[in-house]
$ cat final_2.txt   # compact mmCIF, C-alpha atoms
# COMPACT_ATOMS: atom_id res chain seq x y z
CA MET Z 1 0.00 0.00 0.00
CA ARG Z 2 1.34 3.44 -0.92
CA ALA Z 3 2.13 5.80 1.96
CA GLU Z 4 -0.51 8.33 0.86
CA THR Z 5 -3.19 5.64 0.69
CA ARG Z 6 -2.11 4.29 4.05
CA VAL Z 7 -2.45 7.72 5.67
CA LYS Z 8 -5.91 8.21 4.13
CA THR Z 9 -6.96 4.80 5.38
CA LEU Z 10 -5.73 5.58 8.88
CA VAL Z 11 -7.63 8.87 8.89
CA VAL Z 12 -10.82 7.14 7.81
CA VAL Z 13 -10.42 4.43 10.42
CA ALA Z 14 -9.65 6.96 13.14
CA THR Z 15 -12.63 9.11 12.16
CA LEU Z 16 -14.91 6.10 12.13
CA GLY Z 17 -13.59 5.05 15.52
CA MET Z 18 -14.12 8.49 17.01
CA SER Z 19 -17.67 8.68 15.66
CA MET Z 20 -18.45 5.27 17.17
CA LEU Z 21 -17.03 6.38 20.52
CA THR Z 22 -19.02 9.59 20.36
CA ALA Z 23 -22.21 7.70 19.60
CA TYR Z 24 -21.48 5.27 22.44
CA ALA Z 25 -20.80 8.14 24.86
CA ALA Z 26 -24.05 9.81 23.84
CA GLY Z 27 -25.89 6.58 24.51
CA GLN Z 28 -24.35 6.30 27.96
CA GLY Z 29 -24.76 9.87 29.06
CA ALA Z 30 -27.51 11.52 31.01
CA SER Z 31 -30.83 11.47 29.24
CA LYS Z 32 -32.55 14.62 28.10
CA GLY Z 33 -34.51 16.22 30.92
CA LEU Z 34 -38.22 16.54 31.28
CA ALA Z 35 -39.99 19.88 31.28
CA SER Z 36 -41.13 20.93 34.74
CA PRO Z 37 -44.84 21.23 35.56
CA GLU Z 38 -44.38 24.97 35.97
CA SER Z 39 -43.25 25.32 32.39
CA PHE Z 40 -46.84 24.54 31.35
CA ASN Z 41 -48.35 27.36 33.41
CA GLY Z 42 -48.63 29.52 30.31
CA ILE Z 43 -51.41 27.28 29.00
CA ALA Z 44 -54.52 28.97 30.33
CA ASP Z 45 -57.00 26.18 29.60
CA ILE Z 46 -56.60 23.70 32.44
CA ASN Z 47 -57.61 20.70 30.37
CA ALA Z 48 -55.17 21.62 27.65
CA ARG Z 49 -52.48 22.17 30.28
CA SER Z 50 -53.19 18.81 31.87
CA ALA Z 51 -53.04 17.06 28.52
CA ALA Z 52 -49.79 18.82 27.68
CA ILE Z 53 -48.27 17.70 30.98
CA PHE Z 54 -49.24 14.11 30.23
CA THR Z 55 -47.78 14.41 26.75
CA GLU Z 56 -44.48 15.37 28.39
CA LEU Z 57 -44.79 12.37 30.72
CA GLY Z 58 -45.42 10.29 27.60
CA LYS Z 59 -41.72 10.64 26.77
CA VAL Z 60 -41.11 8.35 29.73
CA LEU Z 61 -44.04 5.99 29.26
CA THR Z 62 -43.21 5.30 25.61
CA HIS Z 63 -39.49 4.88 26.28
CA PRO Z 64 -38.02 1.41 25.70
CA ARG Z 65 -37.14 1.15 29.42
CA CYS Z 66 -40.88 1.15 30.16
CA VAL Z 67 -42.46 -0.35 27.05
CA ASN Z 68 -40.14 -3.36 26.90
CA CYS Z 69 -41.80 -4.79 30.00
CA HIS Z 70 -45.28 -3.50 29.12
CA PRO Z 71 -45.43 -5.57 25.91
CA ALA Z 72 -48.46 -6.19 23.76
CA GLY Z 73 -47.81 -9.93 23.79
CA ASP Z 74 -46.50 -12.40 26.31
CA MET Z 75 -42.80 -11.88 25.57
CA PRO Z 76 -40.82 -8.95 26.90
CA ARG Z 77 -38.56 -6.95 24.64
CA GLN Z 78 -35.07 -5.79 25.41
CA GLY Z 79 -32.57 -3.15 24.46
CA ASP Z 80 -33.07 0.25 22.96
CA ALA Z 81 -34.02 -1.45 19.67
CA ARG Z 82 -36.86 -3.25 21.45
CA ARG Z 83 -35.92 -6.66 20.06
CA LEU Z 84 -37.66 -9.70 21.50
CA HIS Z 85 -36.07 -10.96 24.70
CA GLN Z 86 -33.32 -13.51 24.28
CA PRO Z 87 -33.39 -16.18 25.53
CA PRO Z 88 -37.04 -16.57 24.57
CA VAL Z 89 -39.16 -16.20 27.68
CA THR Z 90 -42.85 -15.72 28.33
CA ARG Z 91 -44.78 -14.09 31.13
CA GLY Z 92 -46.10 -17.27 32.71
CA PRO Z 93 -49.13 -17.37 34.98
CA ASP Z 94 -47.99 -14.59 37.32
CA GLY Z 95 -45.90 -12.35 35.09
CA HIS Z 96 -42.71 -13.67 36.67
CA GLY Z 97 -41.97 -16.22 33.96
CA THR Z 98 -42.68 -19.89 33.50
CA ALA Z 99 -41.82 -22.59 36.02
CA ALA Z 100 -38.69 -23.54 34.09
CA MET Z 101 -37.58 -19.97 33.36
CA ARG Z 102 -38.41 -17.52 36.11
CA CYS Z 103 -37.40 -13.89 35.68
CA ASN Z 104 -35.30 -14.00 38.83
CA SER Z 105 -33.28 -16.93 37.50
CA CYS Z 106 -31.20 -14.30 35.72
CA HIS Z 107 -32.50 -10.98 36.99
CA LYS Z 108 -31.21 -10.70 40.54
CA ASP Z 109 -31.46 -7.86 43.05
CA ALA Z 110 -29.32 -5.41 41.11
CA ASN Z 111 -27.81 -4.89 37.66
CA PHE Z 112 -24.93 -7.30 37.05
CA GLU Z 113 -22.76 -5.49 34.54
CA PRO Z 114 -20.30 -8.31 33.68
CA GLY Z 115 -23.29 -10.34 32.48
CA ARG Z 116 -25.08 -7.27 31.04
CA ILE Z 117 -28.13 -8.37 33.03
CA PRO Z 118 -30.42 -5.74 34.52
CA GLY Z 119 -31.70 -6.48 37.97
CA HIS Z 120 -34.29 -5.70 40.61
CA HIS Z 121 -35.77 -8.04 43.20
CA GLU Z 122 -39.27 -7.60 41.75
CA TRP Z 123 -38.31 -8.04 38.10
CA HIS Z 124 -41.41 -9.10 36.15
CA LEU Z 125 -43.70 -8.21 33.28
CA ALA Z 126 -46.56 -5.79 33.61
CA PRO Z 127 -49.91 -7.59 33.34
CA ARG Z 128 -51.49 -7.99 29.90
CA GLU Z 129 -54.07 -5.29 30.58
CA MET Z 130 -51.24 -2.81 31.17
CA ALA Z 131 -49.69 -3.31 27.73
CA TRP Z 132 -48.36 -0.06 26.31
CA GLU Z 133 -46.48 -1.37 23.31
CA GLY Z 134 -47.80 0.07 20.05
CA LYS Z 135 -50.12 2.54 21.73
CA THR Z 136 -50.23 6.30 21.36
CA VAL Z 137 -49.70 8.60 24.32
CA ALA Z 138 -53.44 9.35 24.25
CA GLU Z 139 -54.28 5.66 24.39
CA ILE Z 140 -51.86 5.09 27.25
CA CYS Z 141 -53.37 8.05 29.06
CA ALA Z 142 -56.88 6.60 28.85
CA GLN Z 143 -55.52 3.22 29.92
CA ILE Z 144 -53.51 4.47 32.88
CA LYS Z 145 -56.58 6.22 34.32
CA ASP Z 146 -58.71 3.10 34.06
CA PRO Z 147 -58.56 1.05 37.30
CA ALA Z 148 -59.38 -2.06 35.28
CA ARG Z 149 -56.19 -1.53 33.31
CA ASN Z 150 -53.86 0.14 35.82
CA GLY Z 151 -53.75 -2.40 38.63
CA GLY Z 152 -56.76 -0.97 40.45
CA ARG Z 153 -55.06 2.34 41.20
CA LYS Z 154 -56.58 5.77 41.63
CA VAL Z 155 -54.96 8.52 39.58
CA GLU Z 156 -53.39 9.86 42.79
CA ASP Z 157 -51.77 6.46 43.42
CA LEU Z 158 -49.85 6.85 40.18
CA ILE Z 159 -47.85 9.74 41.66
CA ASP Z 160 -45.98 7.42 44.01
CA HIS Z 161 -46.02 4.47 41.63
CA ILE Z 162 -44.23 6.36 38.90
CA GLY Z 163 -42.42 8.78 41.17
CA LYS Z 164 -41.12 6.43 43.87
CA ASP Z 165 -41.53 2.74 43.02
CA THR Z 166 -38.04 1.27 42.88
CA LEU Z 167 -38.76 -1.09 39.98
CA VAL Z 168 -40.04 1.85 37.96
CA GLY Z 169 -36.96 3.72 39.17
CA TRP Z 170 -34.70 1.16 37.52
CA ALA Z 171 -35.60 2.86 34.23
CA TRP Z 172 -33.34 5.75 35.21
CA ALA Z 173 -30.42 3.52 36.21
CA PRO Z 174 -30.64 0.71 33.67
CA GLY Z 175 -26.98 -0.21 33.47
CA TYR Z 176 -24.62 -0.83 30.63
CA GLY Z 177 -25.75 -0.26 27.06
CA ARG Z 178 -29.26 0.91 27.84
CA ALA Z 179 -30.41 4.49 27.53
CA PRO Z 180 -32.07 5.70 30.74
CA ALA Z 181 -35.60 7.05 30.61
CA PRO Z 182 -35.78 10.82 30.07
CA GLY Z 183 -35.23 13.12 33.02
CA THR Z 184 -35.31 11.73 36.53
CA GLN Z 185 -37.85 9.67 38.42
CA ALA Z 186 -38.57 12.66 40.66
CA GLU Z 187 -39.28 14.83 37.60
CA ALA Z 188 -41.61 12.15 36.21
CA GLY Z 189 -43.38 11.94 39.57
CA ALA Z 190 -43.81 15.72 39.62
CA LEU Z 191 -45.41 15.57 36.18
CA VAL Z 192 -47.83 12.86 37.31
CA GLU Z 193 -48.76 14.93 40.34
CA ALA Z 194 -49.33 18.05 38.26
CA TRP Z 195 -51.35 16.06 35.73
CA ALA Z 196 -53.56 14.63 38.50
CA LYS Z 197 -54.07 18.02 40.10
CA THR Z 198 -55.12 19.56 36.79
CA GLY Z 199 -57.85 16.99 36.25
CA ALA Z 200 -55.87 14.20 34.59
CA ALA Z 201 -56.95 15.15 31.12
CA CYS Z 202 -55.72 13.16 28.18
CA PRO Z 203 -54.25 14.42 24.91
CA GLY Z 204 -56.69 14.32 22.01
CA MET I 1 -16.57 -7.09 48.00
CA THR I 2 -19.45 -9.25 49.19
CA THR I 3 -19.69 -12.21 51.51
CA LEU I 4 -20.60 -15.52 49.91
CA GLY I 5 -21.53 -18.56 51.92
CA ILE I 6 -22.98 -21.47 49.98
CA THR I 7 -23.67 -25.19 50.12
CA ILE I 8 -22.63 -27.08 47.00
CA ASN I 9 -23.42 -30.75 46.54
CA GLY I 10 -23.98 -31.05 50.26
CA GLN I 11 -20.68 -29.46 51.20
CA VAL I 12 -20.83 -26.24 53.17
CA HIS I 13 -18.45 -23.57 51.92
CA ALA I 14 -17.69 -21.12 54.71
CA PRO I 15 -18.42 -17.46 54.01
CA THR I 16 -15.72 -15.86 51.93
CA GLU I 17 -15.23 -12.45 50.42
CA VAL I 18 -15.79 -12.24 46.67
CA ARG I 19 -15.77 -9.38 44.21
CA ASP I 20 -19.16 -7.88 43.42
CA ASP I 21 -18.52 -8.40 39.72
CA LEU I 22 -17.52 -12.06 40.05
CA SER I 23 -19.92 -14.31 38.16
CA MET I 24 -21.15 -17.54 39.73
CA ASN I 25 -19.65 -19.40 36.80
CA ASP I 26 -16.20 -17.98 37.52
CA PHE I 27 -16.62 -18.72 41.22
CA LEU I 28 -17.31 -22.38 40.50
CA ARG I 29 -14.72 -22.84 37.81
CA GLU I 30 -11.87 -20.54 38.84
CA TYR I 31 -12.20 -20.33 42.63
CA LEU I 32 -13.39 -23.87 43.39
CA GLY I 33 -12.01 -25.67 40.35
CA MET I 34 -15.41 -27.19 39.64
CA THR I 35 -15.11 -27.13 35.87
CA GLY I 36 -18.03 -29.45 35.21
CA THR I 37 -20.23 -26.38 34.98
CA LYS I 38 -19.48 -24.95 31.54
CA PHE I 39 -19.23 -21.43 30.23
CA GLY I 40 -20.95 -21.31 26.84
CA CYS I 41 -22.57 -18.24 25.40
CA GLY I 42 -22.11 -15.97 28.39
CA ALA I 43 -25.60 -14.59 27.86
CA ALA I 44 -27.94 -17.18 29.42
CA GLN I 45 -28.90 -18.30 25.92
CA CYS I 46 -27.46 -21.82 25.73
CA LEU I 47 -27.98 -22.86 29.36
CA SER I 48 -24.86 -25.04 29.43
CA CYS I 49 -23.97 -23.21 32.63
CA VAL I 50 -27.08 -23.95 34.70
CA VAL I 51 -26.88 -25.44 38.17
CA ILE I 52 -29.65 -26.78 40.36
CA VAL I 53 -30.86 -24.53 43.17
CA ASP I 54 -32.58 -26.29 46.08
CA GLU I 55 -35.05 -24.00 47.77
CA PRO I 56 -35.90 -24.29 51.48
CA ASP I 57 -39.46 -25.37 50.62
CA GLY I 58 -38.16 -28.51 48.96
CA THR I 59 -38.59 -27.34 45.41
CA CYS I 60 -35.72 -27.06 42.99
CA HIS I 61 -35.01 -25.32 39.70
CA THR I 62 -32.11 -24.58 37.43
CA ASN I 63 -30.35 -21.27 37.33
CA PRO I 64 -27.82 -19.88 34.83
CA THR I 65 -24.43 -19.01 36.31
CA CYS I 66 -22.82 -17.07 33.48
CA VAL I 67 -24.89 -13.91 33.84
CA THR I 68 -25.47 -14.00 37.56
CA SER I 69 -23.19 -12.77 40.30
CA ALA I 70 -21.65 -15.17 42.77
CA ALA I 71 -22.93 -12.90 45.52
CA SER I 72 -26.52 -13.50 44.45
CA PHE I 73 -26.09 -17.14 45.51
CA HIS I 74 -25.24 -16.25 49.10
CA GLY I 75 -27.05 -18.58 51.48
CA LYS I 76 -28.19 -20.87 48.68
CA THR I 77 -27.96 -24.63 48.38
CA ILE I 78 -27.02 -25.78 44.92
CA ARG I 79 -26.07 -28.90 43.02
CA THR I 80 -23.68 -29.15 40.11
CA VAL I 81 -22.87 -31.92 37.67
CA GLU I 82 -20.16 -33.12 40.07
CA GLY I 83 -22.82 -33.97 42.64
CA HIS I 84 -25.02 -36.38 40.69
CA ALA I 85 -23.03 -39.59 41.11
CA LYS I 86 -23.20 -41.17 44.57
CA ASN I 87 -20.39 -43.31 45.92
CA GLY I 88 -18.90 -43.60 42.48
CA GLU I 89 -22.14 -44.74 40.85
CA LEU I 90 -23.68 -42.61 38.17
CA SER I 91 -27.27 -41.47 38.57
CA PRO I 92 -29.99 -43.20 36.51
CA LEU I 93 -30.12 -40.16 34.22
CA GLN I 94 -26.35 -40.12 33.70
CA LYS I 95 -26.46 -43.82 32.84
CA ALA I 96 -29.29 -43.16 30.39
CA PHE I 97 -27.32 -40.37 28.73
CA ILE I 98 -24.49 -42.83 28.13
CA ARG I 99 -26.80 -45.65 27.04
CA HIS I 100 -28.47 -43.41 24.47
CA PHE I 101 -25.20 -41.77 23.41
CA ALA I 102 -27.00 -38.51 24.11
CA PHE I 103 -23.90 -36.35 23.94
CA GLN I 104 -21.02 -36.08 21.55
CA CYS I 105 -18.72 -33.21 22.52
CA GLY I 106 -20.37 -33.08 25.94
CA TYR I 107 -20.22 -29.33 26.39
CA CYS I 108 -23.95 -28.98 26.93
CA THR I 109 -24.31 -32.17 28.96
CA ALA I 110 -24.10 -30.70 32.44
CA GLY I 111 -26.91 -28.30 31.62
CA PHE I 112 -29.13 -31.01 30.16
CA LEU I 113 -28.35 -33.28 33.09
CA ASN I 114 -29.29 -30.69 35.67
CA GLU I 115 -32.47 -29.76 33.80
CA GLY I 116 -33.43 -33.40 33.38
CA GLN I 117 -32.78 -34.13 37.04
CA VAL I 118 -34.99 -31.24 38.10
CA LEU I 119 -37.71 -32.58 35.82
CA LEU I 120 -37.45 -36.04 37.37
CA GLU I 121 -37.69 -34.64 40.90
CA GLN I 122 -40.65 -32.44 39.98
CA MET I 123 -42.43 -35.35 38.33
CA ALA I 124 -41.80 -37.59 41.32
CA LYS I 125 -43.80 -35.08 43.35
CA THR I 126 -46.32 -34.27 40.64
CA PRO I 127 -46.70 -37.15 38.18
CA VAL I 128 -48.12 -36.45 34.74
CA PRO I 129 -50.37 -38.55 32.48
CA ARG I 130 -48.57 -40.69 29.93
CA ALA I 131 -50.26 -38.75 27.16
CA GLY I 132 -48.62 -35.52 28.27
CA LEU I 133 -45.19 -36.94 28.96
CA GLU I 134 -43.47 -36.14 25.66
CA GLU I 135 -44.61 -32.53 25.83
CA ARG I 136 -43.54 -32.24 29.47
CA ILE I 137 -40.03 -33.41 28.64
CA ALA I 138 -39.82 -31.12 25.62
CA GLU I 139 -40.91 -28.15 27.70
CA ALA I 140 -38.37 -28.92 30.39
CA LEU I 141 -35.43 -29.26 28.02
CA ASP I 142 -36.51 -26.32 25.88
CA GLY I 143 -33.89 -23.61 25.70
CA HIS I 144 -30.88 -25.87 26.15
CA LEU I 145 -28.70 -25.67 23.06
CA CYS I 146 -26.65 -28.57 21.69
CA ARG I 147 -24.32 -27.79 18.77
CA CYS I 148 -24.01 -31.53 18.10
CA THR I 149 -27.80 -31.65 17.79
CA GLY I 150 -28.30 -34.34 20.39
CA TYR I 151 -31.74 -33.10 21.27
CA PHE I 152 -33.61 -36.23 20.26
CA LYS I 153 -31.25 -38.50 22.16
CA TYR I 154 -31.36 -36.38 25.28
CA HIS I 155 -35.13 -36.49 25.04
CA GLU I 156 -35.10 -40.26 24.57
CA ALA I 157 -32.76 -40.73 27.53
CA VAL I 158 -35.03 -38.77 29.87
CA LEU I 159 -38.05 -40.62 28.49
CA ASP I 160 -36.29 -43.93 29.14
CA VAL I 161 -35.64 -43.11 32.80
CA ILE I 162 -39.25 -42.09 33.34
CA LEU I 163 -40.81 -45.07 31.59
CA SER I 164 -38.51 -47.48 33.41
CA ASP I 165 -40.00 -46.26 36.69
CA ALA I 166 -43.47 -45.33 35.47
CA LYS I 167 -45.15 -45.83 38.84
CA ARG I 168 -43.01 -43.10 40.26
CA TYR I 169 -43.30 -40.53 37.50
CA LEU I 170 -46.62 -41.12 35.76
CA ILE I 171 -50.21 -40.93 36.87
CA GLN I 172 -51.43 -44.49 36.99
CA GLU I 173 -54.61 -44.80 34.98
CA SER I 174 -57.17 -47.17 36.40
CA ARG I 175 -58.49 -49.91 34.15
CA GLY I 176 -62.25 -50.02 34.17
$ encode --input "final_2.txt" --output "structure tokens"
Amino acid sequence: MRAETRVKTLVVVATLGMSMLTAYAAGQGASKGLASPESFNGIADINARSAAIFTELGKVLTHPRCVNCHPAGDMPRQGDARRLHQPPVTRGPDGHGTAAMRCNSCHKDANFEPGRIPGHHEWHLAPREMAWEGKTVAEICAQIKDPARNGGRKVEDLIDHIGKDTLVGWAWAPGYGRAPAPGTQAEAGALVEAWAKTGAACPG
Amino acid sequence: MTTLGITINGQVHAPTEVRDDLSMNDFLREYLGMTGTKFGCGAAQCLSCVVIVDEPDGTCHTNPTCVTSAASFHGKTIRTVEGHAKNGELSPLQKAFIRHFAFQCGYCTAGFLNEGQVLLEQMAKTPVPRAGLEERIAEALDGHLCRCTGYFKYHEAVLDVILSDAKRYLIQESRG
């Protein structure tokens, strides 16, 4: 290979390498924040304001960290690309997997980075009626207000569920190779609270 | 560092300090020299690395070791492939594996053996009808990968053990 060609090749390789590192760093960095409830105060109509607040919260609810375990079917998805879970697993009778392949066989109390396995002691799938995959923010909004499809919760209960539940909180500390949900759990909880206090209106 | 105390094949291992990022597979293979448990895919996909976990309530199940921390096994009682033979005699399932030439390279064998043993112990407590036996075995062994494609022979070996002791493993149908 001629020296000039060799130099050009090295430059291309180095550039490619740097761009890959940059993309990786971006994927690992802090997620974009969520708008605060106060930033919606300029919307005079309270219903419109409430719906706008939920739309902001929708950035979290439609994120792969949430949707992957709120699947439309019986198999969870994984990764930012939302591919089907490997190894193939299904929800089983209680959402914690089948008898031969329980979620906690691999998913222990905390993330285990050498194995790239996320962890939490309550790791499981959301029930079928709480499926969010493939739904619009408006559809999720109607669903999350419906006690028949939200685990029997009142709207006010969702403030703590989304704002403080530690399994939900995993979405903001998901470990290696997974983008965290937008903002922080506290910011998401504040949005839920503001949405509830403004009448829990849904986007149209 | 985390404390790990564990019982393996009936032998109590006194609590010892292990790194938080040490996998259970490395603990068995590198710390204890128990290399019967294999490291295959490293992603809980092939299940060659599974061990048997005995729960306090008398139930048992398999558990991958390649993607799980050693620390997460603290206080557990487990069995590995090294614990199946008693007093130098292979277990009925091990003998069946040999009789059926179930394995070729043998890399997946420990995983299949542990899964099959769990199935036998579960069926001894909860027998199944003969009609559902094939499906029950297939479900139990599902997920275990064999690059030598010994699936059928593993299945046949497990089936052989069950049918040779049908009163123990199968629901006895009354003749009317």
$ atom_distance --input "final_2.txt" --atom1 "atom CA of Ala171 of chain Z" --atom2 "atom CA of Arg65 of chain Z"
5.3 Å
$ closest_residue --input "final_2.txt" --among "I:Leu159, I:Leu113, I:Val51, I:Leu90" --to "chain Z" --atoms "all atoms listed in the file"
I:Val51
$ closest_atom_pairs --input "final_2.txt" --of "chain I" --to "chain Z" --cutoff "12 Å" --atoms "all atoms listed in the file" --output "JSON lines"
{"residue": "I:Arg19", "atom": "CA", "partner": "Z:Pro114", "partner_atom": "CA", "distance": 11.5}
{"residue": "I:Asp20", "atom": "CA", "partner": "Z:Phe112", "partner_atom": "CA", "distance": 8.6}
{"residue": "I:Asp21", "atom": "CA", "partner": "Z:Pro114", "partner_atom": "CA", "distance": 6.3}
{"residue": "I:Leu22", "atom": "CA", "partner": "Z:Pro114", "partner_atom": "CA", "distance": 7.9}
{"residue": "I:Ser23", "atom": "CA", "partner": "Z:Pro114", "partner_atom": "CA", "distance": 7.5}
{"residue": "I:Met24", "atom": "CA", "partner": "Z:Gly115", "partner_atom": "CA", "distance": 10.4}
{"residue": "I:Asn25", "atom": "CA", "partner": "Z:Gly115", "partner_atom": "CA", "distance": 10.7}
{"residue": "I:Asp26", "atom": "CA", "partner": "Z:Pro114", "partner_atom": "CA", "distance": 11.2}
{"residue": "I:Cys41", "atom": "CA", "partner": "Z:Gly115", "partner_atom": "CA", "distance": 10.6}
{"residue": "I:Gly42", "atom": "CA", "partner": "Z:Gly115", "partner_atom": "CA", "distance": 7.1}
{"residue": "I:Ala43", "atom": "CA", "partner": "Z:Gly115", "partner_atom": "CA", "distance": 6.7}
{"residue": "I:Ala44", "atom": "CA", "partner": "Z:Pro87", "partner_atom": "CA", "distance": 6.8}
{"residue": "I:Gln45", "atom": "CA", "partner": "Z:Pro87", "partner_atom": "CA", "distance": 5.0}
{"residue": "I:Cys46", "atom": "CA", "partner": "Z:Pro87", "partner_atom": "CA", "distance": 8.2}
{"residue": "I:Leu47", "atom": "CA", "partner": "Z:Pro87", "partner_atom": "CA", "distance": 9.4}
{"residue": "I:Cys49", "atom": "CA", "partner": "Z:Cys106", "partner_atom": "CA", "distance": 11.9}
{"residue": "I:Val50", "atom": "CA", "partner": "Z:Ser105", "partner_atom": "CA", "distance": 9.8}
{"residue": "I:Val51", "atom": "CA", "partner": "Z:Ser105", "partner_atom": "CA", "distance": 10.7}
{"residue": "I:Ile52", "atom": "CA", "partner": "Z:Ser105", "partner_atom": "CA", "distance": 10.9}
{"residue": "I:Val53", "atom": "CA", "partner": "Z:Ser105", "partner_atom": "CA", "distance": 9.8}
{"residue": "I:Thr59", "atom": "CA", "partner": "Z:Ala99", "partner_atom": "CA", "distance": 11.0}
{"residue": "I:Cys60", "atom": "CA", "partner": "Z:Ala100", "partner_atom": "CA", "distance": 10.0}
{"residue": "I:His61", "atom": "CA", "partner": "Z:Ala100", "partner_atom": "CA", "distance": 6.9}
{"residue": "I:Thr62", "atom": "CA", "partner": "Z:Ala100", "partner_atom": "CA", "distance": 7.5}
{"residue": "I:Asn63", "atom": "CA", "partner": "Z:Ser105", "partner_atom": "CA", "distance": 5.2}
{"residue": "I:Pro64", "atom": "CA", "partner": "Z:Cys106", "partner_atom": "CA", "distance": 6.6}
{"residue": "I:Thr65", "atom": "CA", "partner": "Z:Cys106", "partner_atom": "CA", "distance": 8.3}
{"residue": "I:Cys66", "atom": "CA", "partner": "Z:Gly115", "partner_atom": "CA", "distance": 6.8}
{"residue": "I:Val67", "atom": "CA", "partner": "Z:Gly115", "partner_atom": "CA", "distance": 4.1}
{"residue": "I:Thr68", "atom": "CA", "partner": "Z:Cys106", "partner_atom": "CA", "distance": 6.0}
{"residue": "I:Ser69", "atom": "CA", "partner": "Z:Phe112", "partner_atom": "CA", "distance": 6.6}
{"residue": "I:Ala70", "atom": "CA", "partner": "Z:Phe112", "partner_atom": "CA", "distance": 10.3}
{"residue": "I:Ala71", "atom": "CA", "partner": "Z:Lys108", "partner_atom": "CA", "distance": 9.9}
{"residue": "I:Ser72", "atom": "CA", "partner": "Z:Lys108", "partner_atom": "CA", "distance": 6.7}
{"residue": "I:Phe73", "atom": "CA", "partner": "Z:Lys108", "partner_atom": "CA", "distance": 9.6}
{"residue": "I:His74", "atom": "CA", "partner": "Z:Lys108", "partner_atom": "CA", "distance": 11.8}
{"residue": "I:Asn114", "atom": "CA", "partner": "Z:Ala100", "partner_atom": "CA", "distance": 11.9}
{"residue": "I:Glu115", "atom": "CA", "partner": "Z:Ala100", "partner_atom": "CA", "distance": 8.8}
{"residue": "I:Gly116", "atom": "CA", "partner": "Z:Ala100", "partner_atom": "CA", "distance": 11.2}
{"residue": "I:Val118", "atom": "CA", "partner": "Z:Ala100", "partner_atom": "CA", "distance": 9.4}
{"residue": "I:Leu119", "atom": "CA", "partner": "Z:Ala100", "partner_atom": "CA", "distance": 9.3}
{"residue": "I:Gln122", "atom": "CA", "partner": "Z:Ala99", "partner_atom": "CA", "distance": 10.7}
{"residue": "I:Arg136", "atom": "CA", "partner": "Z:Ala100", "partner_atom": "CA", "distance": 11.0}
{"residue": "I:Ile137", "atom": "CA", "partner": "Z:Ala100", "partner_atom": "CA", "distance": 11.4}
{"residue": "I:Ala138", "atom": "CA", "partner": "Z:Ala100", "partner_atom": "CA", "distance": 11.4}
{"residue": "I:Glu139", "atom": "CA", "partner": "Z:Ala100", "partner_atom": "CA", "distance": 8.2}
{"residue": "I:Ala140", "atom": "CA", "partner": "Z:Ala100", "partner_atom": "CA", "distance": 6.5}
{"residue": "I:Leu141", "atom": "CA", "partner": "Z:Ala100", "partner_atom": "CA", "distance": 9.0}
{"residue": "I:Asp142", "atom": "CA", "partner": "Z:Ala100", "partner_atom": "CA", "distance": 8.9}
{"residue": "I:Gly143", "atom": "CA", "partner": "Z:Pro87", "partner_atom": "CA", "distance": 7.4}
{"residue": "I:His144", "atom": "CA", "partner": "Z:Pro87", "partner_atom": "CA", "distance": 10.0}
{"residue": "I:Leu145", "atom": "CA", "partner": "Z:Pro87", "partner_atom": "CA", "distance": 10.9}
$ atom_distance --input "final_2.txt" --atom1 "atom CA of Lys153 of chain I" --atom2 "atom CA of His100 of chain I"
6.1 Å
$ atom_distance --input "final_2.txt" --atom1 "atom CA of Trp132 of chain Z" --atom2 "atom CA of Ala51 of chain Z"
17.9 Å
$ residues_around --input "final_2.txt" --residues "Gly42 of chain Z" --least-positions-apart "5" --cutoff "12 Å" --atoms "all atoms listed in the file" --output "MDAnalysis selection string"
chainID Z and resid 37 48:50 52:53
$ closest_residue --input "final_2.txt" --among "Z:Ala148, Z:Ile162, Z:Ala196, Z:Pro203" --to "Ala181 of chain Z" --atoms "only C-alpha atoms"
Z:Ile162
$ closest_residue --input "final_2.txt" --among "I:Thr80, I:Gln172, I:Asn87, I:Asn9" --to "Arg130 of chain I" --atoms "all atoms listed in the file"
I:Gln172
$ residues_around --input "final_2.txt" --residues "His63 of chain Z" --least-positions-apart "4" --cutoff "9 Å" --atoms "only C-alpha atoms" --output "PyMOL selection string"
chain Z and resi 58-59+67-68+80+180-182
$ closest_residue --input "final_2.txt" --among "I:Gln94, I:Asp57, I:Gly33, I:Gly75" --to "Thr3 of chain I" --atoms "all atoms listed in the file"
I:Gly75
$ residues_near_point --input "final_2.txt" --point "(-50.1, 7.4, 40.9)" --cutoff "12 Å" --atoms "all atoms listed in the file" --output "PyMOL selection string"
chain Z and resi 144-147+150-165+168+188-197+200
